[in-house]
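Asker: Contents of data-v2.cif (mmCIF, C-alpha atoms and all ligand atoms):
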```
data_data
loop_
_atom_site.label_atom_id
_atom_site.label_comp_id
_atom_site.auth_asym_id
_atom_site.auth_seq_id
_atom_site.Cartn_x
_atom_site.Cartn_y
_atom_site.Cartn_z
CA MET A 1 -9.23 51.81 17.64
CA SER A 2 -9.08 53.87 14.43
CA SER A 3 -12.45 54.70 12.97
CA PHE A 4 -10.92 53.93 9.56
CA LEU A 5 -10.42 50.24 10.40
CA SER A 6 -12.99 47.98 8.77
CA SER A 7 -15.61 47.10 11.33
CA LYS A 8 -15.07 43.37 10.70
CA PHE A 9 -11.68 43.71 12.40
CA ALA A 10 -12.78 45.90 15.30
CA ALA A 11 -13.00 43.03 17.76
CA LEU A 12 -10.03 41.04 16.41
CA GLU A 13 -7.78 39.83 19.20
CA ALA A 14 -4.26 39.59 17.80
CA TYR A 15 -1.85 36.76 18.49
CA VAL A 16 0.41 37.56 21.44
CA PRO A 17 3.96 36.34 20.79
CA GLY A 18 6.19 35.24 23.66
CA GLU A 19 8.06 38.01 25.45
CA GLN A 20 11.27 39.28 23.85
CA PRO A 21 12.44 41.41 26.78
CA ARG A 22 15.37 43.81 26.48
CA ASP A 23 15.63 44.90 30.13
CA LYS A 24 18.31 42.37 31.10
CA ALA A 25 19.99 39.19 29.87
CA TYR A 26 17.74 36.20 30.50
CA ILE A 27 18.20 32.50 29.98
CA LYS A 28 15.51 32.51 27.35
CA LEU A 29 13.39 29.39 27.54
CA ASN A 30 10.09 30.95 26.47
CA THR A 31 9.72 30.89 22.67
CA ASN A 32 11.12 27.50 21.64
CA GLU A 33 14.07 28.88 19.73
CA SER A 34 17.19 26.75 19.30
CA PRO A 35 20.03 27.38 21.74
CA TYR A 36 22.46 26.65 18.92
CA PRO A 37 23.49 29.02 16.11
CA PRO A 38 22.50 28.33 12.49
CA ALA A 39 24.60 25.81 10.50
CA PRO A 40 28.10 27.12 9.71
CA GLY A 41 27.25 27.17 5.98
CA VAL A 42 24.64 29.85 6.68
CA LEU A 43 27.33 32.33 7.69
CA ASP A 44 29.27 31.59 4.51
CA VAL A 45 26.35 32.37 2.21
CA ILE A 46 25.52 35.67 3.91
CA SER A 47 28.48 37.23 2.08
CA ARG A 48 29.16 40.86 1.14
CA GLU A 49 28.01 40.00 -2.40
CA ALA A 50 24.77 38.51 -1.12
CA VAL A 51 24.14 41.66 0.92
CA ALA A 52 24.94 43.86 -2.09
CA ASP A 53 22.40 41.84 -4.09
CA LEU A 54 19.67 42.99 -1.74
CA ARG A 55 19.05 45.82 -4.18
CA LEU A 56 17.40 43.17 -6.38
CA TYR A 57 14.11 41.44 -5.63
CA SER A 58 14.32 37.85 -4.46
CA ASP A 59 13.45 34.93 -6.77
CA PRO A 60 9.64 34.81 -6.61
CA THR A 61 9.70 31.07 -7.32
CA CYS A 62 12.19 30.49 -4.44
CA LEU A 63 13.46 27.63 -6.59
CA ALA A 64 16.89 26.82 -5.10
CA CYS A 65 15.56 26.76 -1.55
CA ARG A 66 12.53 24.69 -2.54
CA LYS A 67 14.82 22.26 -4.37
CA ALA A 68 16.95 21.79 -1.23
CA ILE A 69 13.79 21.03 0.78
CA ALA A 70 12.38 18.73 -1.93
CA ASP A 71 15.64 16.76 -2.10
CA ARG A 72 15.85 16.41 1.68
CA TYR A 73 12.29 15.06 1.92
CA SER A 74 12.31 13.05 -1.33
CA VAL A 75 9.40 14.94 -2.89
CA GLY A 76 9.13 16.95 -6.10
CA VAL A 77 9.84 20.66 -6.16
CA GLU A 78 6.21 21.12 -7.25
CA ASN A 79 5.22 19.72 -3.86
CA VAL A 80 6.97 22.49 -1.88
CA LEU A 81 5.95 26.06 -1.10
CA VAL A 82 8.11 28.32 1.08
CA SER A 83 6.87 31.15 3.23
CA ASN A 84 7.84 33.93 5.58
CA GLY A 85 7.82 31.71 8.66
CA SER A 86 5.44 28.76 8.77
CA ASP A 87 2.85 31.17 10.17
CA GLU A 88 2.50 32.50 6.63
CA CYS A 89 1.75 29.00 5.26
CA LEU A 90 -0.85 28.58 7.98
CA ASN A 91 -2.30 31.96 7.06
CA PHE A 92 -2.66 30.90 3.40
CA LEU A 93 -4.32 27.66 4.46
CA PHE A 94 -6.81 29.43 6.71
CA MET A 95 -7.36 32.15 4.09
CA GLY A 96 -8.09 29.88 1.17
CA PHE A 97 -8.90 26.35 2.29
CA THR A 98 -11.54 26.67 4.97
CA GLU A 99 -14.84 27.14 3.14
CA PRO A 100 -16.29 24.19 5.11
CA GLY A 101 -15.01 25.79 8.34
CA ALA A 102 -11.98 24.90 10.45
CA VAL A 103 -11.43 22.43 13.27
CA PHE A 104 -8.74 22.53 15.94
CA ALA A 105 -8.14 21.59 19.57
CA ASP A 106 -8.90 23.80 22.57
CA ILE A 107 -5.29 23.59 23.69
CA THR A 108 -3.04 24.03 20.69
CA TYR A 109 -1.10 26.69 18.82
CA GLY A 110 -2.88 29.96 19.65
CA PHE A 111 -2.56 31.33 16.14
CA TYR A 112 -5.21 28.95 14.74
CA LYS A 113 -7.97 30.83 16.53
CA VAL A 114 -6.51 34.19 15.47
CA PHE A 115 -6.35 33.13 11.80
CA GLY A 116 -9.90 31.80 12.09
CA ASP A 117 -11.09 35.17 13.42
CA LEU A 118 -8.98 37.17 10.96
CA HIS A 119 -10.57 35.42 8.00
CA GLY A 120 -14.07 35.29 9.48
CA ILE A 121 -14.12 31.49 9.45
CA GLU A 122 -16.54 29.40 11.46
CA TYR A 123 -14.50 27.00 13.54
CA THR A 124 -15.12 24.06 15.80
CA VAL A 125 -12.93 23.76 18.88
CA ILE A 126 -12.46 20.19 20.13
CA PRO A 127 -11.37 19.80 23.77
CA LEU A 128 -8.30 17.63 24.32
CA ASN A 129 -8.78 14.59 26.54
CA GLU A 130 -8.19 14.98 30.27
CA ASP A 131 -4.55 13.82 29.83
CA PHE A 132 -4.07 16.34 26.97
CA THR A 133 -4.01 13.69 24.26
CA ILE A 134 -5.92 14.42 21.05
CA PRO A 135 -9.35 12.76 20.83
CA VAL A 136 -8.79 11.22 17.40
CA GLU A 137 -12.38 9.94 17.01
CA LYS A 138 -13.78 13.44 17.50
CA PHE A 139 -11.46 14.83 14.84
CA CYS A 140 -12.54 12.03 12.49
CA ALA A 141 -16.18 12.97 12.99
CA ALA A 142 -15.68 16.75 12.71
CA LYS A 143 -16.71 18.83 9.69
CA GLY A 144 -14.28 21.42 8.30
CA THR A 145 -10.59 21.69 7.47
CA ILE A 146 -8.59 20.12 10.28
CA PHE A 147 -5.55 21.83 11.77
CA ILE A 148 -3.45 19.63 14.03
CA ALA A 149 -0.11 20.56 15.52
CA ASN A 150 1.81 17.29 15.67
CA PRO A 151 3.47 17.15 18.12
CA ASN A 152 1.00 19.50 19.76
CA ALA A 153 1.95 22.75 21.43
CA PRO A 154 2.13 23.61 24.28
CA THR A 155 1.57 20.03 25.48
CA GLY A 156 4.39 18.43 23.47
CA ILE A 157 2.35 15.26 22.96
CA ALA A 158 2.45 13.56 19.53
CA LEU A 159 -0.01 11.51 17.52
CA THR A 160 1.30 8.44 15.72
CA LEU A 161 1.24 8.28 11.92
CA GLU A 162 -1.47 5.61 12.19
CA GLN A 163 -3.67 8.11 14.04
CA ILE A 164 -2.99 10.78 11.40
CA GLU A 165 -3.94 8.26 8.71
CA GLN A 166 -7.12 7.40 10.58
CA ILE A 167 -8.12 11.09 10.42
CA LEU A 168 -7.12 11.35 6.75
CA GLN A 169 -9.13 8.28 5.82
CA SER A 170 -12.22 9.24 7.83
CA ASP A 171 -13.16 11.76 5.11
CA PRO A 172 -11.03 11.92 1.94
CA ASN A 173 -12.93 15.06 0.90
CA ARG A 174 -11.77 17.01 3.92
CA LEU A 175 -8.34 18.68 4.03
CA VAL A 176 -6.09 17.86 6.98
CA VAL A 177 -3.27 20.29 7.79
CA VAL A 178 -0.55 18.79 9.98
CA ASP A 179 1.62 21.48 11.53
CA GLU A 180 4.96 19.82 12.23
CA ALA A 181 6.84 22.77 13.75
CA TYR A 182 8.35 20.43 16.37
CA VAL A 183 8.44 17.10 14.56
CA ASP A 184 12.24 16.87 14.40
CA PHE A 185 12.49 16.32 18.15
CA GLY A 186 10.99 12.84 18.24
CA GLY A 187 7.72 12.87 16.28
CA GLU A 188 7.01 11.00 13.05
CA THR A 189 6.62 13.18 9.99
CA ALA A 190 3.57 12.79 7.78
CA VAL A 191 5.52 14.05 4.72
CA PRO A 192 5.69 10.56 3.11
CA LEU A 193 1.89 10.40 3.33
CA THR A 194 1.55 13.43 1.03
CA GLY A 195 2.25 11.05 -1.89
CA LYS A 196 -0.60 8.82 -0.79
CA TYR A 197 -3.36 11.21 0.35
CA SER A 198 -4.66 14.07 -1.77
CA ASN A 199 -6.21 15.68 1.34
CA LEU A 200 -3.00 16.25 3.33
CA ALA A 201 -0.82 19.34 3.71
CA VAL A 202 2.20 19.23 6.02
CA VAL A 203 3.63 22.50 7.35
CA GLN A 204 7.13 22.76 8.78
CA THR A 205 9.48 25.50 9.93
CA PHE A 206 13.17 26.41 9.99
CA SER A 207 12.61 28.25 13.29
CA LYS A 208 13.21 25.39 15.72
CA SER A 209 15.40 22.46 14.64
CA ARG A 210 17.26 24.52 12.03
CA SER A 211 18.02 27.54 14.25
CA LEU A 212 16.59 30.17 11.88
CA ALA A 213 13.70 31.70 13.85
CA GLY A 214 14.92 35.21 13.08
CA ALA A 215 15.24 34.54 9.34
CA ARG A 216 11.51 33.69 9.09
CA LEU A 217 11.25 30.63 6.88
CA GLY A 218 8.63 27.92 6.76
CA PHE A 219 7.33 25.51 4.16
CA THR A 220 4.41 23.32 3.13
CA ILE A 221 4.76 19.91 1.52
CA ALA A 222 1.55 18.76 -0.17
CA PRO A 223 0.13 17.33 -3.40
CA ALA A 224 0.94 19.65 -6.33
CA GLU A 225 -2.68 20.90 -6.72
CA ILE A 226 -2.67 22.18 -3.15
CA ILE A 227 0.72 23.87 -3.62
CA THR A 228 -0.44 25.51 -6.87
CA ALA A 229 -3.55 26.84 -5.12
CA MET A 230 -1.48 28.13 -2.19
CA ASP A 231 0.84 29.79 -4.68
CA THR A 232 -2.08 31.72 -6.14
CA LEU A 233 -2.70 33.13 -2.66
CA ARG A 234 1.01 33.82 -2.23
CA TYR A 235 1.26 35.71 -5.52
CA SER A 236 -1.93 37.56 -4.59
CA THR A 237 -0.51 38.78 -1.29
CA ASN A 238 3.29 39.02 -1.57
CA PRO A 239 5.13 37.38 -4.49
CA TYR A 240 8.52 38.14 -2.89
CA ASN A 241 7.46 36.76 0.45
CA VAL A 242 10.86 35.30 1.34
CA ASN A 243 13.85 37.63 1.20
CA ARG A 244 17.13 36.87 -0.56
CA LEU A 245 19.25 36.30 2.55
CA THR A 246 16.68 33.97 4.07
CA LEU A 247 16.45 31.91 0.87
CA LEU A 248 20.23 31.44 0.93
CA ALA A 249 20.28 30.71 4.66
CA GLY A 250 17.47 28.18 4.35
CA GLN A 251 19.15 26.32 1.52
CA ALA A 252 22.46 26.13 3.43
CA ALA A 253 20.71 24.99 6.62
CA MET A 254 18.74 22.31 4.78
CA GLU A 255 21.89 20.98 3.12
CA ASP A 256 23.81 20.46 6.38
CA GLU A 257 22.25 17.21 7.57
CA ASP A 258 25.04 16.40 10.08
CA TYR A 259 24.67 19.68 11.93
CA PHE A 260 20.89 19.27 12.02
CA GLN A 261 21.16 15.74 13.42
CA LYS A 262 23.75 16.74 16.02
CA ASN A 263 21.66 19.61 17.38
CA ARG A 264 18.36 17.82 17.50
CA HIS A 265 19.95 14.94 19.38
CA ALA A 266 21.62 17.32 21.85
CA ILE A 267 18.23 18.93 22.49
CA MET A 268 16.51 15.57 22.97
CA GLU A 269 19.22 14.55 25.48
CA ALA A 270 18.88 17.79 27.41
CA ARG A 271 15.10 17.30 27.38
CA ALA A 272 15.40 13.81 28.88
CA TRP A 273 17.75 15.07 31.61
CA THR A 274 15.49 18.02 32.47
CA LYS A 275 12.32 15.92 32.48
CA ALA A 276 13.91 13.48 34.93
CA ALA A 277 15.19 16.32 37.13
CA LEU A 278 11.75 17.94 37.24
CA GLU A 279 10.01 14.65 37.98
CA GLU A 280 12.45 13.98 40.84
CA ARG A 281 11.22 17.27 42.28
CA GLY A 282 7.60 16.22 42.03
CA PHE A 283 6.62 17.92 38.78
CA ALA A 284 4.10 16.33 36.45
CA VAL A 285 5.66 16.55 33.00
CA THR A 286 3.92 15.54 29.77
CA ASP A 287 5.60 13.12 27.37
CA SER A 288 7.11 15.76 25.12
CA MET A 289 8.32 14.99 21.61
CA THR A 290 9.32 18.65 21.10
CA ASN A 291 12.04 21.09 22.12
CA PHE A 292 10.04 22.14 25.18
CA LEU A 293 8.63 20.60 28.34
CA PHE A 294 5.18 21.24 29.73
CA ALA A 295 5.28 20.92 33.50
CA ARG A 296 3.30 21.63 36.63
CA SER A 297 4.01 21.19 40.32
CA ASP A 298 1.65 20.93 43.30
CA ARG A 299 4.36 22.70 45.32
CA ILE A 300 3.89 26.04 43.57
CA ASP A 301 1.30 27.90 41.51
CA GLY A 302 2.16 27.97 37.79
CA GLY A 303 2.01 31.77 37.54
CA GLU A 304 4.12 32.22 40.66
CA LEU A 305 6.80 29.86 39.38
CA TYR A 306 6.93 31.81 36.12
CA THR A 307 7.32 35.13 37.98
CA MET A 308 9.91 33.85 40.45
CA LEU A 309 11.97 32.29 37.64
CA LYS A 310 11.79 35.54 35.69
CA ASP A 311 13.07 37.46 38.74
CA LYS A 312 15.98 35.05 38.81
CA GLY A 313 16.76 35.60 35.13
CA VAL A 314 15.09 32.53 33.60
CA LEU A 315 12.23 33.19 31.21
CA VAL A 316 9.67 30.44 30.58
CA ARG A 317 6.16 30.65 29.05
CA HIS A 318 3.07 30.70 31.22
CA PHE A 319 -0.45 30.55 29.76
CA THR A 320 -3.43 31.88 31.67
CA SER A 321 -6.25 29.81 30.16
CA ALA A 322 -8.07 27.77 32.80
CA ARG A 323 -7.07 24.24 31.78
CA ILE A 324 -3.35 24.93 31.66
CA CYS A 325 -2.72 27.82 34.07
CA GLN A 326 -0.85 25.57 36.50
CA TYR A 327 1.65 24.63 33.80
CA ASN A 328 4.72 26.30 32.39
CA ARG A 329 6.15 25.60 28.97
CA ILE A 330 9.92 25.42 29.20
CA THR A 331 12.04 25.49 26.05
CA VAL A 332 14.89 23.01 26.09
CA GLY A 333 18.16 24.93 25.88
CA THR A 334 21.75 23.76 26.35
CA MET A 335 22.54 21.35 29.20
CA GLU A 336 24.13 24.24 31.08
CA GLU A 337 20.97 26.34 30.75
CA MET A 338 18.81 23.45 31.92
CA GLN A 339 21.07 22.88 34.94
CA THR A 340 20.67 26.56 35.83
CA LEU A 341 16.89 26.27 35.44
CA VAL A 342 16.76 23.32 37.83
CA ALA A 343 19.09 25.05 40.33
CA LYS A 344 16.80 28.13 40.28
CA ILE A 345 13.75 25.94 40.87
CA ASP A 346 15.52 24.39 43.89
CA GLU A 347 16.27 27.88 45.18
CA ILE A 348 12.63 28.89 44.76
CA PHE A 349 11.35 25.82 46.62
CA ALA A 350 13.90 26.47 49.42
CA GLU A 351 12.87 30.14 49.68
CA LYS A 352 9.22 29.19 49.88
CA GLY A 353 9.92 26.32 52.28
CA VAL A 354 7.89 23.87 50.18
C1 LIG B 401 2.82 24.79 16.51
C2 LIG B 401 3.48 25.94 15.84
N1 LIG B 401 3.27 26.12 14.53
C3 LIG B 401 3.83 27.15 13.86
C4 LIG B 401 4.65 28.05 14.50
C5 LIG B 401 5.18 29.20 13.72
O1 LIG B 401 6.53 29.16 13.54
P1 LIG B 401 7.28 30.10 12.49
O2 LIG B 401 6.30 31.10 11.96
O3 LIG B 401 8.39 30.71 13.27
O4 LIG B 401 7.75 29.18 11.41
C6 LIG B 401 4.91 27.91 15.86
C7 LIG B 401 5.78 28.87 16.55
O5 LIG B 401 6.11 28.80 17.68
C8 LIG B 401 4.30 26.82 16.55
O6 LIG B 401 4.49 26.66 17.86
#
```
So, in terms of structure tokens, how does the structure I just supplied come out?
Answerer:
Amino acid sequence: MSSFLSSKFAALEAYVPGEQPRDKAYIKLNTNESPYPPAPGVLDVISREAVADLRLYSDPTCLACRKAIADRYSVGVENVLVSNGSDECLNFLFMGFTEPGAVFADITYGFYKVFGDLHGIEYTVIPLNEDFTIPVEKFCAAKGTIFIANPNAPTGIALTLEQIEQILQSDPNRLVVVDEAYVDFGGETAVPLTGKYSNLAVVQTFSKSRSLAGARLGFTIAPAEIITAMDTLRYSTNPYNVNRLTLLAGQAAMEDEDYFQKNRHAIMEARAWTKAALEERGFAVTDSMTNFLFARSDRIDGGELYTMLKDKGVLVRHFTSARICQYNRITVGTMEEMQTLVAKIDEIFAEKGV
């Protein structure tokens, strides 16, 4: 570690993103990307002229892209902030909205802990119930800004809107951040509640259901005072946080509702098929409302399954923390990819004679 680094960061453990291997071609089911390309309109807007315009800074207000999001979700443009991936929105919220501390689950998006440590925030970690559901009562009773991934990752399990409202109402003076990275695959969005509760911020991303993980685009929908405050942090860190091509791509993706609907339904169908196929083979699979499945089998150790699948060219995500080390998180790809996954699992079980 460099002796020039501020001592407060010396022990910081960075977020570890999923593998992006280059050694061979994998069926990549490890980082919850979409198997489908971005909407056709995205290719049209990334024109030679748009590329030539890269000599100019992007619009710091990101207005056209925010307008497309606001129209799609029936909110005002003053209720929308866009960011370089939804991770950046989450960073702003941890940076500037956690004076009373932060609260999140023990099994959830790993970045919450990293942001907490990065900003020197005191946080409370609430264990999920035995069945990986969120203990709503404990969140209601907790002190500090609440961060909930809904549906949760890597479990895939969703809270209902009634449960989100219960948490919102339990303390109107406490901010609740609902991270809806995966909501388009079967969850219920809390966006309509942002008109009703002044203590709610909803974070979403273009990385999953809108096939733009590589463009890095996320957004927050919240009451205008929260957006204005987040904007102060945005202008204080990087006023041009979203690049020109991404702003164009995001707008085009948001405007193609048919393509969005078609892809999310295809993914939900492939998820249902894969869940059934895994259960037939004895896997325990959580009730996922996301574009991934969270599965474990008594026939094979979770880490071993991950390694054997990788050797066979299928990459899934394995976590080593004690409560979930027997599980693998499997992104839902195309039907063909999921059929290959299941065939490889059959091969592995046959090889092991289990
Ligand atoms: C729960 C959750 N929130 C937020 C993100 C961040 O997504 P992005 O920064 O690509 O928008 C992810 C990424 O996988 C996630 O799983």
Asker: Which residue gives the smallest distance to Gln339 (chain A) among A:Lys310, A:Leu278, A:Ala213, A:Phe219, with all atoms listed in the file counted?
Answerer: A:Leu278
Asker: Which is closer to ligand LIG 401 (chain B) than all the others in A:Ala102, A:Val75, A:Val342, A:Val16, using all atoms listed in the file?
Answerer: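 Among the listed residues, A:Val16 lies closest to ligand LIG 401 (chain B).
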Asker: Show me, as a tab-separated table (two decimals) with C-alpha atoms, keeping the file's coordinate frame, the residues that have an atom within 8 Å of Ala64 (chain A) when counting all atoms listed in the file, minus same-chain residues fewer than 2 positions from it.
Answerer:
```
chain	number	residue	atom	x	y	z
A	62	CYS	CA	12.19	30.49	-4.44
A	66	ARG	CA	12.53	24.69	-2.54
A	67	LYS	CA	14.82	22.26	-4.37
A	68	ALA	CA	16.95	21.79	-1.23
A	247	LEU	CA	16.45	31.91	0.87
A	251	GLN	CA	19.15	26.32	1.52
```
Asker: Do you have the CA of Val242 (chain A)-CA of Asn199 (chain A) distance handy?
Answerer: 26.0 Å
Asker: As a ChimeraX atom specification, please: every protein or nucleic acid residue near ligand LIG 401 (chain B) (cut-off 10 Å, counting only C-alpha atoms and all ligand atoms).
Answerer: /A:17-18,30-33,83-91,108-112,148-154,156,178-183,203-208,212-219,290
